[in-house]
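**Student:** Contents of my_file.tsv (TSV, C-alpha atoms) are below:
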```tsv
chain	number	residue	atom	x	y	z
T	766	MET	CA	-24.69	2.44	83.10
T	767	GLY	CA	-26.25	5.86	83.28
T	768	THR	CA	-29.83	7.00	82.75
T	769	VAL	CA	-30.66	9.09	79.70
T	770	ILE	CA	-33.32	11.73	80.35
T	771	ALA	CA	-34.70	13.89	77.54
T	772	VAL	CA	-36.07	17.26	78.63
T	773	ILE	CA	-38.95	18.08	76.28
T	774	SER	CA	-41.93	20.43	76.00
T	775	GLY	CA	-43.33	20.64	72.50
T	776	LYS	CA	-43.79	24.40	72.73
T	777	GLY	CA	-40.79	26.69	72.91
T	778	GLY	CA	-40.05	29.17	75.67
T	779	VAL	CA	-41.59	27.22	78.55
T	780	GLY	CA	-38.32	26.60	80.38
T	781	LYS	CA	-36.69	23.49	78.91
T	782	THR	CA	-33.17	24.82	78.83
T	783	THR	CA	-33.49	26.42	82.26
T	784	THR	CA	-34.80	23.10	83.59
T	785	THR	CA	-31.98	21.12	81.98
T	786	ALA	CA	-29.34	23.43	83.45
T	787	ASN	CA	-30.83	23.49	86.94
T	788	LEU	CA	-31.48	19.75	87.15
T	789	GLY	CA	-28.06	18.92	85.73
T	790	LEU	CA	-26.50	21.07	88.40
T	791	GLY	CA	-28.85	19.68	91.06
T	792	LEU	CA	-27.88	16.11	90.21
T	793	ALA	CA	-24.21	17.08	90.27
T	794	MET	CA	-24.78	18.66	93.71
T	795	ASN	CA	-26.11	15.23	94.76
T	796	LYS	CA	-22.70	13.85	93.82
T	797	LYS	CA	-23.99	12.23	90.64
T	798	LYS	CA	-21.78	12.41	87.59
T	799	CYS	CA	-23.91	14.28	85.12
T	800	VAL	CA	-23.57	15.53	81.56
T	801	VAL	CA	-25.99	17.98	79.96
T	802	VAL	CA	-26.19	17.92	76.17
T	803	ASP	CA	-27.66	20.69	74.04
T	804	PHE	CA	-29.61	19.04	71.21
T	805	ASP	CA	-30.97	22.30	69.88
T	806	ILE	CA	-28.74	22.32	66.80
T	807	GLY	CA	-28.50	25.79	65.30
T	808	GLN	CA	-29.89	27.53	68.39
T	809	ARG	CA	-27.34	26.93	71.08
T	810	ASN	CA	-28.47	28.35	74.44
T	811	LEU	CA	-27.63	25.97	77.25
T	812	ASP	CA	-24.05	27.28	77.20
T	813	MET	CA	-25.22	30.76	78.19
T	814	ILE	CA	-27.56	29.53	80.91
T	815	LEU	CA	-24.62	27.64	82.43
T	816	GLY	CA	-22.22	30.57	81.92
T	817	LEU	CA	-20.00	28.47	79.66
T	818	GLU	CA	-20.40	30.30	76.34
T	819	ASN	CA	-16.74	31.34	76.28
T	820	ARG	CA	-15.51	27.81	76.86
T	821	VAL	CA	-17.12	26.19	73.84
T	822	VAL	CA	-14.50	25.05	71.35
T	823	PHE	CA	-16.01	21.92	69.82
T	824	ASP	CA	-19.64	20.90	69.47
T	825	ILE	CA	-21.81	17.79	69.31
T	826	VAL	CA	-21.90	17.66	65.50
T	827	GLN	CA	-18.10	17.65	65.32
T	828	VAL	CA	-18.04	14.78	67.81
T	829	MET	CA	-20.65	12.79	65.89
T	830	ASP	CA	-18.79	13.36	62.62
T	831	GLY	CA	-15.59	12.10	64.21
T	832	GLU	CA	-13.75	15.39	63.73
T	833	VAL	CA	-12.88	15.54	67.43
T	834	GLY	CA	-12.97	13.10	70.33
T	835	LEU	CA	-15.80	13.22	72.85
T	836	LYS	CA	-13.40	14.03	75.72
T	837	GLN	CA	-12.08	17.04	73.81
T	838	ALA	CA	-15.55	18.46	73.29
T	839	LEU	CA	-16.88	17.95	76.83
T	840	ILE	CA	-16.65	21.07	78.93
T	841	LYS	CA	-16.22	20.91	82.67
T	842	ALA	CA	-18.76	23.20	84.36
T	843	LYS	CA	-16.96	25.58	86.69
T	844	LEU	CA	-20.02	25.57	88.94
T	845	ASN	CA	-19.66	21.91	89.97
T	846	GLU	CA	-16.96	19.36	89.26
T	847	ASN	CA	-19.49	16.56	88.67
T	848	LEU	CA	-21.17	18.44	85.85
T	849	HIS	CA	-20.06	18.39	82.22
T	850	PHE	CA	-21.54	20.03	79.18
T	851	LEU	CA	-21.64	19.25	75.46
T	852	ALA	CA	-22.59	22.17	73.22
T	853	ALA	CA	-24.90	22.19	70.23
T	854	SER	CA	-23.55	23.30	66.92
T	855	GLN	CA	-24.42	26.90	66.14
T	856	THR	CA	-23.65	26.88	62.43
T	857	LYS	CA	-25.21	23.64	61.22
T	858	ASP	CA	-28.90	22.75	61.28
T	859	LYS	CA	-30.79	19.78	62.70
T	860	THR	CA	-30.75	17.86	59.42
T	861	VAL	CA	-27.15	16.81	60.16
T	862	LEU	CA	-28.36	14.47	62.92
T	863	ASN	CA	-28.66	10.78	62.23
T	864	SER	CA	-29.77	7.91	64.46
T	865	GLU	CA	-26.66	5.78	64.19
T	866	LYS	CA	-24.30	8.58	65.20
T	867	ILE	CA	-26.57	9.69	68.02
T	868	LYS	CA	-26.79	6.18	69.42
T	869	LYS	CA	-23.01	5.83	69.41
T	870	LEU	CA	-22.59	9.16	71.22
T	871	ILE	CA	-25.26	8.41	73.82
T	872	ASP	CA	-23.90	4.92	74.48
T	873	GLU	CA	-20.49	6.44	75.10
T	874	LEU	CA	-21.89	9.06	77.47
T	875	LYS	CA	-23.90	6.43	79.40
T	876	GLU	CA	-20.68	4.57	80.12
T	877	ASP	CA	-19.12	7.54	81.89
T	878	TYR	CA	-22.02	9.34	83.55
T	879	ASP	CA	-24.79	8.51	86.03
T	880	PHE	CA	-27.15	10.89	84.24
T	881	VAL	CA	-27.22	12.12	80.66
T	882	LEU	CA	-29.64	15.05	80.26
T	883	LEU	CA	-30.65	15.98	76.74
T	884	ASP	CA	-32.06	19.45	76.13
T	885	ALA	CA	-34.53	18.97	73.26
T	886	PRO	CA	-35.27	21.60	70.64
T	887	ALA	CA	-38.77	23.08	70.60
T	888	GLY	CA	-41.25	21.59	68.17
T	889	ILE	CA	-41.93	17.98	67.27
T	890	GLU	CA	-39.87	17.58	64.15
T	891	SER	CA	-36.73	15.58	63.35
T	892	GLY	CA	-34.49	17.35	65.89
T	893	TYR	CA	-36.96	16.49	68.62
T	894	GLU	CA	-37.43	12.92	67.43
T	895	HIS	CA	-33.68	12.37	67.52
T	896	THR	CA	-33.49	13.73	71.05
T	897	ILE	CA	-36.05	11.26	72.39
T	898	GLU	CA	-34.91	8.33	70.26
T	899	PHE	CA	-32.59	6.74	72.81
T	900	ALA	CA	-33.99	8.19	76.05
T	901	ASP	CA	-34.80	6.01	79.06
T	902	ALA	CA	-37.01	8.68	80.58
T	903	ALA	CA	-38.41	12.07	79.70
T	904	ILE	CA	-39.09	15.18	81.71
T	905	ILE	CA	-41.92	17.15	80.19
T	906	VAL	CA	-41.97	20.84	81.01
T	907	VAL	CA	-45.26	22.73	80.72
T	908	ASN	CA	-46.58	26.13	81.69
T	909	PRO	CA	-50.15	26.32	83.06
T	910	GLU	CA	-51.43	27.64	79.78
T	911	VAL	CA	-53.40	26.02	76.93
T	912	SER	CA	-50.91	26.09	74.07
T	913	SER	CA	-48.10	24.66	76.18
T	914	ILE	CA	-50.26	21.79	77.45
T	915	ARG	CA	-51.65	20.93	74.05
T	916	ASP	CA	-48.18	20.92	72.46
T	917	ALA	CA	-46.83	18.82	75.31
T	918	ASP	CA	-49.51	16.20	74.66
T	919	ARG	CA	-48.42	15.99	71.03
T	920	ALA	CA	-44.78	15.65	72.06
T	921	ILE	CA	-45.74	12.86	74.49
T	922	GLY	CA	-47.62	11.08	71.69
T	923	ILE	CA	-44.46	11.06	69.57
T	924	LEU	CA	-42.37	9.93	72.53
T	925	ASP	CA	-44.73	6.99	73.01
T	926	SER	CA	-44.51	5.90	69.40
T	927	LYS	CA	-41.07	6.78	68.09
T	928	SER	CA	-38.56	6.15	70.85
T	929	GLN	CA	-36.38	3.07	70.61
T	930	LYS	CA	-37.53	1.81	74.01
T	931	VAL	CA	-41.15	1.75	72.85
T	932	LYS	CA	-40.22	0.10	69.55
T	933	ASP	CA	-38.47	-2.59	71.61
T	934	GLY	CA	-41.69	-3.17	73.54
T	935	GLY	CA	-40.72	-1.12	76.59
T	936	GLU	CA	-41.81	2.20	77.94
T	937	VAL	CA	-40.16	5.58	78.35
T	938	ARG	CA	-40.82	6.87	81.87
T	939	LYS	CA	-42.53	10.25	81.82
T	940	HIS	CA	-42.35	12.91	84.50
T	941	LEU	CA	-44.15	16.24	84.39
T	942	ILE	CA	-42.83	19.56	85.61
T	943	ILE	CA	-45.31	22.42	85.82
T	944	ASN	CA	-43.30	25.59	85.49
T	945	ARG	CA	-44.16	29.27	86.13
T	946	ILE	CA	-47.02	28.75	88.53
T	947	ASN	CA	-48.57	31.94	89.79
T	948	ALA	CA	-50.28	31.08	93.10
T	949	LYS	CA	-52.49	34.17	93.14
T	950	MET	CA	-53.84	33.44	89.69
T	951	VAL	CA	-54.53	29.78	90.50
T	952	GLU	CA	-56.34	30.84	93.66
T	953	SER	CA	-58.56	33.25	91.81
T	954	GLY	CA	-59.34	30.68	89.10
T	955	GLU	CA	-57.43	32.51	86.39
T	956	MET	CA	-54.76	29.85	85.94
T	957	LEU	CA	-55.04	26.09	85.46
T	958	ALA	CA	-54.27	24.21	88.66
T	959	GLY	CA	-51.79	21.34	88.76
T	960	ASP	CA	-54.52	18.74	89.25
T	961	ASP	CA	-56.35	19.95	86.13
T	962	ILE	CA	-53.17	19.64	84.08
T	963	LEU	CA	-52.53	16.14	85.44
T	964	ASP	CA	-56.12	15.17	84.57
T	965	ILE	CA	-55.63	16.30	81.01
T	966	LEU	CA	-52.16	14.85	80.37
T	967	SER	CA	-52.46	11.83	82.68
T	968	ILE	CA	-48.75	11.44	83.45
T	969	ASP	CA	-46.87	11.51	86.77
T	970	LEU	CA	-45.87	14.79	88.36
T	971	ILE	CA	-42.28	15.20	89.51
T	972	GLY	CA	-42.43	18.82	90.58
T	973	LYS	CA	-43.97	22.26	90.45
T	974	ILE	CA	-42.01	25.46	90.00
T	975	PRO	CA	-43.30	28.92	90.85
T	976	GLU	CA	-42.90	31.93	88.63
T	977	ASP	CA	-39.78	33.65	89.89
T	978	GLN	CA	-37.81	36.72	88.79
T	979	ALA	CA	-34.66	34.99	89.98
T	980	ILE	CA	-34.76	32.85	86.81
T	981	ILE	CA	-34.10	35.89	84.58
T	982	GLU	CA	-31.41	37.16	86.95
T	983	ALA	CA	-29.84	33.71	86.89
T	984	SER	CA	-29.77	33.63	83.10
T	985	ASN	CA	-28.32	37.16	83.01
T	986	GLN	CA	-25.42	35.92	85.09
T	987	GLY	CA	-25.06	32.40	83.73
T	988	ARG	CA	-25.56	30.96	87.22
T	989	PRO	CA	-28.64	28.68	87.43
T	990	ALA	CA	-31.18	29.62	90.11
T	991	ILE	CA	-30.63	26.37	92.01
T	992	LEU	CA	-27.47	28.01	93.38
T	993	ASN	CA	-29.58	30.82	94.83
T	994	THR	CA	-31.00	29.43	98.06
T	995	ASN	CA	-33.39	32.38	98.36
T	996	SER	CA	-35.05	31.69	95.04
T	997	PRO	CA	-38.34	29.77	95.28
T	998	ALA	CA	-37.80	28.39	91.77
T	999	GLY	CA	-34.24	27.40	92.67
T	1000	GLN	CA	-35.53	25.56	95.76
T	1001	ALA	CA	-38.14	23.82	93.62
T	1002	TYR	CA	-35.46	22.65	91.18
T	1003	LYS	CA	-33.42	21.37	94.12
T	1004	ARG	CA	-36.37	19.28	95.31
T	1005	ILE	CA	-36.88	17.82	91.83
T	1006	ALA	CA	-33.20	16.92	91.50
T	1007	ASP	CA	-33.39	15.22	94.90
T	1008	ARG	CA	-36.48	13.28	93.77
T	1009	ILE	CA	-34.69	12.11	90.63
T	1010	CYS	CA	-31.95	10.78	92.92
T	1011	GLY	CA	-34.61	8.68	94.66
T	1012	ASN	CA	-35.29	10.81	97.74
T	1013	LYS	CA	-38.91	10.91	98.82
T	1014	ILE	CA	-39.81	14.56	99.01
T	1015	GLU	CA	-43.40	15.67	99.10
T	1016	ILE	CA	-44.71	17.85	96.29
T	1017	LYS	CA	-45.02	21.29	97.74
T	1018	ASP	CA	-48.22	23.28	97.43
T	1019	LEU	CA	-47.30	26.26	95.29
T	1020	GLU	CA	-50.86	27.13	94.47
T	1021	THR	CA	-51.93	28.95	97.59
T	1022	SER	CA	-50.22	32.27	98.09
T	1023	SER	CA	-50.17	32.00	101.90
T	1024	SER	CA	-47.67	29.12	101.73
T	1025	GLY	CA	-45.22	31.54	100.19
T	1026	PHE	CA	-45.32	33.60	103.36
T	1027	PHE	CA	-44.68	30.65	105.66
T	1028	ASP	CA	-41.86	29.49	103.47
T	1029	LYS	CA	-40.21	32.85	103.77
T	1030	LEU	CA	-40.50	32.60	107.58
T	1031	LYS	CA	-39.02	29.10	107.50
T	1032	GLY	CA	-36.28	30.37	105.23
T	1033	ILE	CA	-35.24	32.93	107.84
T	1034	PHE	CA	-34.81	30.28	110.53
T	1035	LYS	CA	-32.85	27.88	108.34
F	908	MET	CA	-65.34	45.51	85.56
F	909	PHE	CA	-65.87	42.93	82.87
F	910	SER	CA	-64.73	40.07	85.10
F	911	PHE	CA	-67.33	41.09	87.67
F	912	PHE	CA	-70.09	39.96	85.32
F	913	ASN	CA	-68.19	36.98	83.96
F	914	LYS	CA	-68.52	34.47	86.81
F	915	LYS	CA	-67.07	31.36	85.17
F	916	SER	CA	-63.36	31.22	85.95
F	917	SER	CA	-61.09	31.34	82.94
F	918	ALA	CA	-59.12	28.35	84.25
F	919	LYS	CA	-62.28	26.24	84.02
F	920	THR	CA	-62.84	27.43	80.47
F	921	ALA	CA	-59.24	26.55	79.66
F	922	LYS	CA	-59.62	23.04	81.06
F	923	ASP	CA	-62.83	22.39	79.12
F	924	ARG	CA	-61.39	23.67	75.86
F	925	LEU	CA	-58.14	21.76	76.32
F	926	THR	CA	-59.89	18.51	77.13
F	927	ILE	CA	-61.80	18.66	73.86
F	928	ALA	CA	-58.86	19.85	71.75
F	929	ILE	CA	-56.53	17.15	73.09
F	930	MET	CA	-59.13	14.43	72.68
F	931	SER	CA	-59.48	15.36	69.04
F	932	ASP	CA	-55.66	15.61	68.59
F	933	ARG	CA	-55.21	12.12	69.97
F	934	THR	CA	-57.70	10.70	67.47
F	935	GLY	CA	-55.19	11.38	64.70
F	936	THR	CA	-53.61	8.32	63.17
F	937	ASP	CA	-50.14	9.72	62.80
F	938	SER	CA	-49.22	8.56	66.29
F	939	PHE	CA	-48.94	5.00	64.97
F	940	PRO	CA	-45.61	4.43	63.25
F	941	PHE	CA	-46.77	0.97	62.16
F	942	MET	CA	-50.05	2.14	60.63
F	943	ASP	CA	-49.02	1.69	56.98
F	944	GLN	CA	-47.69	-1.78	57.61
F	945	MET	CA	-50.82	-2.79	59.52
F	946	LYS	CA	-53.04	-1.46	56.71
F	947	ALA	CA	-51.08	-3.47	54.16
F	948	GLU	CA	-51.40	-6.65	56.21
F	949	ILE	CA	-55.14	-6.24	56.72
F	950	ILE	CA	-55.67	-5.63	53.02
F	951	GLU	CA	-53.63	-8.73	52.25
F	952	VAL	CA	-55.88	-10.92	54.42
F	953	VAL	CA	-59.20	-9.48	53.21
F	954	ALA	CA	-58.11	-9.44	49.57
F	955	LYS	CA	-57.68	-13.22	49.70
F	956	TYR	CA	-61.45	-13.54	49.89
F	957	MET	CA	-62.94	-10.44	48.30
F	958	GLY	CA	-62.07	-7.28	46.48
F	959	VAL	CA	-60.95	-4.34	48.59
F	960	LYS	CA	-61.38	-0.82	47.33
F	961	ASP	CA	-60.20	1.23	50.25
F	962	ILE	CA	-59.32	0.94	53.92
F	963	ASP	CA	-59.50	3.53	56.64
F	964	ILE	CA	-58.19	3.02	60.17
F	965	LYS	CA	-58.83	5.45	62.99
F	966	LYS	CA	-57.88	5.48	66.60
F	967	GLU	CA	-60.64	6.93	68.70
F	968	VAL	CA	-60.45	8.07	72.27
F	969	ILE	CA	-63.72	8.27	74.13
F	970	GLY	CA	-63.12	9.11	77.75
F	971	ASP	CA	-60.73	6.48	79.08
F	972	VAL	CA	-61.48	3.99	76.31
F	973	GLU	CA	-59.29	3.76	73.25
F	974	ALA	CA	-60.71	2.00	70.23
F	975	LEU	CA	-59.51	1.16	66.77
F	976	SER	CA	-62.13	1.56	64.07
F	977	ILE	CA	-61.41	-0.07	60.73
F	978	ASP	CA	-63.51	0.68	57.66
F	979	ILE	CA	-62.96	-1.49	54.63
F	980	GLU	CA	-64.69	-0.50	51.44
F	981	LEU	CA	-65.37	-3.49	49.24
F	982	GLY	CA	-65.25	-3.48	45.48
F	983	ASP	CA	-64.29	-5.68	42.59
F	984	LYS	CA	-61.01	-3.91	42.13
F	985	THR	CA	-58.40	-5.14	44.59
F	986	ILE	CA	-55.90	-2.54	45.63
F	987	SER	CA	-52.34	-3.59	46.06
F	988	ALA	CA	-51.37	-4.66	49.56
F	989	PHE	CA	-47.88	-3.29	49.11
F	990	LYS	CA	-47.93	0.26	47.98
```
What would you get if you wrote out this structure as structure tokens?
**Tutor:**
Amino acid sequence: MGTVIAVISGKGGVGKTTTTANLGLGLAMNKKKCVVVDFDIGQRNLDMILGLENRVVFDIVQVMDGEVGLKQALIKAKLNENLHFLAASQTKDKTVLNSEKIKKLIDELKEDYDFVLLDAPAGIESGYEHTIEFADAAIIVVNPEVSSIRDADRAIGILDSKSQKVKDGGEVRKHLIINRINAKMVESGEMLAGDDILDILSIDLIGKIPEDQAIIEASNQGRPAILNTNSPAGQAYKRIADRICGNKIEIKDLETSSSGFFDKLKGIFK
Amino acid sequence: MFSFFNKKSSAKTAKDRLTIAIMSDRTGTDSFPFMDQMKAEIIEVVAKYMGVKDIDIKKEVIGDVEALSIDIELGDKTISAFK
């Protein structure tokens, strides 16, 4: 029985889809059978980040409506044989989602995969609520910036009250990713440090990701940065994927700019 | 030039502002899906003994302590427990 992880943020544009794609691929690289599902109905994007936009024939809404079988709609990622992808519908809107159909789909996916990653839409409305409804765990992506952190707190509040696990008396595990850290700005006191963000949100940290131009290049090409061993963000995603698989890997200090230099040296000798 | 005179780091300002904003966000009652049901049940119990005019339930977060504050306005007119 697989684990269902919702990737959420509250605010848009903080790196949810990029995170979903990279972690999905990272888990697949760890030999875990993984499926990434785009829940952003009406604003399909995960397909482009994974370079699969030309392969999409059927989407999640068609599967839930019983128009096509799940197997027909799942797309094998060419980047890794353990990774599959289910596209969001581009023509419908989020009002087509309903709990019963979502549960059936997720139960089916859990049977076949070790990890089911759900890329949530931005915001905290019905599309978001449906994404977290049947999740076992959530990865919360924030940027070190006030609006992202405040919106994430709201999204966490909804997660803690509206997910099925909580209604059943359980708890949805929550893991924080701090994305787009600029070490120089943190050092000079112009950007919130990781510890400050953890103080405010009081949830567990699973990884920090530095700001990195390689992310844009990766999205241009449809090849997630985790495949680029020279990319600091890609390396950070690799460490997070390894942590999700249960490996104990220390959280790296990405908030002092000197560490970047030593890492580059280490990188040369690898 | 401006930052030379402005000694307090902007990250510190951000943390202070966020702490207050989030504390006030969390006070909102909409994070309880069962709030309406709980209200109805409380009214039902109190209305057995005296008239209830209105009820107001708030979740308050003060530092690490979460508290539920319930205000029940009494009156001769009993409001329906099941709206």
**Student:** Just want the 8 Å neighbourhood of T:Asp824, counted on only C-alpha atoms, with same-chain residues fewer than 2 positions away dropped. Output as number ranges by chain.
**Tutor:** T: 821-822, 826-828, 838, 851-854
**Student:** Output C-alpha atoms of each residue in that selection to a file, as a compact mmCIF listing (two decimals), in the frame of the given file.
**Tutor:**
```
# COMPACT_ATOMS: atom_id res chain seq x y z
CA VAL T 821 -17.12 26.19 73.84
CA VAL T 822 -14.50 25.05 71.35
CA VAL T 826 -21.90 17.66 65.50
CA GLN T 827 -18.10 17.65 65.32
CA VAL T 828 -18.04 14.78 67.81
CA ALA T 838 -15.55 18.46 73.29
CA LEU T 851 -21.64 19.25 75.46
CA ALA T 852 -22.59 22.17 73.22
CA ALA T 853 -24.90 22.19 70.23
CA SER T 854 -23.55 23.30 66.92
```
**Student:** What are the residues of chain F lining chain T at 8 Å or less? Count only C-alpha atoms, and put the answer as number ranges by chain.
**Tutor:** F: 916-919, 921-922, 925-926, 928-929, 932-933, 938-940
**Student:** To one decimal place, how far is atom CA of T:Glu894 from atom CA of T:Cys799 in Å?
**Tutor:** 22.3 Å
**Student:** Name the residues, using the chain letters and numbers of the file, that sit within 12 Å of (-57.5, -9.1, 54.4) when counting all atoms listed in the file, and give them as JSON, numbers by chain.
**Tutor:** {"F": [945, 946, 947, 948, 949, 950, 951, 952, 953, 954, 955, 956, 957, 958, 959, 960, 961, 962, 977, 978, 979, 980, 981, 985, 986, 987, 988]}
**Student:** Check the smallest atom-to-atom distance from each of T:Ser1022, T:Thr896, T:Asn819, T:Asn993 to T:Leu870 using only C-alpha atoms, then report the winner.
**Tutor:**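 So, comparing all the options, the nearest one is T:Thr896.
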**Student:** Taking (-26.7, 10.7, 60.3) in the coordinates of the supplied file, I want to know which residues reach to within 12 Å of it, counting all atoms listed in the file; could you give the answer as number ranges by chain?
**Tutor:** T: 826, 829-831, 859-870, 891-892, 895
**Student:** Would you list the contacts of stretch 982-984 of chain T as a PyMOL selection string, taking every protein, DNA or RNA residue within 10 Å and counting all atoms listed in the file, but skipping same-chain residues closer than 3 positions in sequence?
**Tutor:** chain T and resi 783+811+813-816+977-979+987-993+996+999
**Student:** Which value, in Å to one decimal, gives the distance between atom CA of T:Ile904 and atom CA of T:Val769?
**Tutor:**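 Between atom CA of T:Ile904 and atom CA of T:Val769 the gap is 10.6 Å.
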**Student:** Atom CA of T:Lys930 and atom CA of F:Lys965 are how many Å apart?
**Tutor:**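 Going from atom CA of T:Lys930 over to atom CA of F:Lys965 covers 24.3 Å.
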**Student:** Write out as a PyMOL selection string each polymer residue whose atoms come within 8 Å of T:Asp805, counting all atoms listed in the file; drop sequence neighbours fewer than 3 positions from it.
**Tutor:** chain T and resi 808-810+853+859+884-887+892
**Student:** Check the smallest atom-to-atom distance from each of T:Ile806, T:Ile770, T:Ala786, T:Val800 to T:Leu835 using all atoms listed in the file, then report the winner.
**Tutor:** T:Val800
**Student:** Which residue gives the smallest distance to T:Gln986 among T:Ala917, T:Glu818, T:Gly777, T:Gly935, with all atoms listed in the file counted?
**Tutor:**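 So, comparing all the options, the nearest one is T:Glu818.
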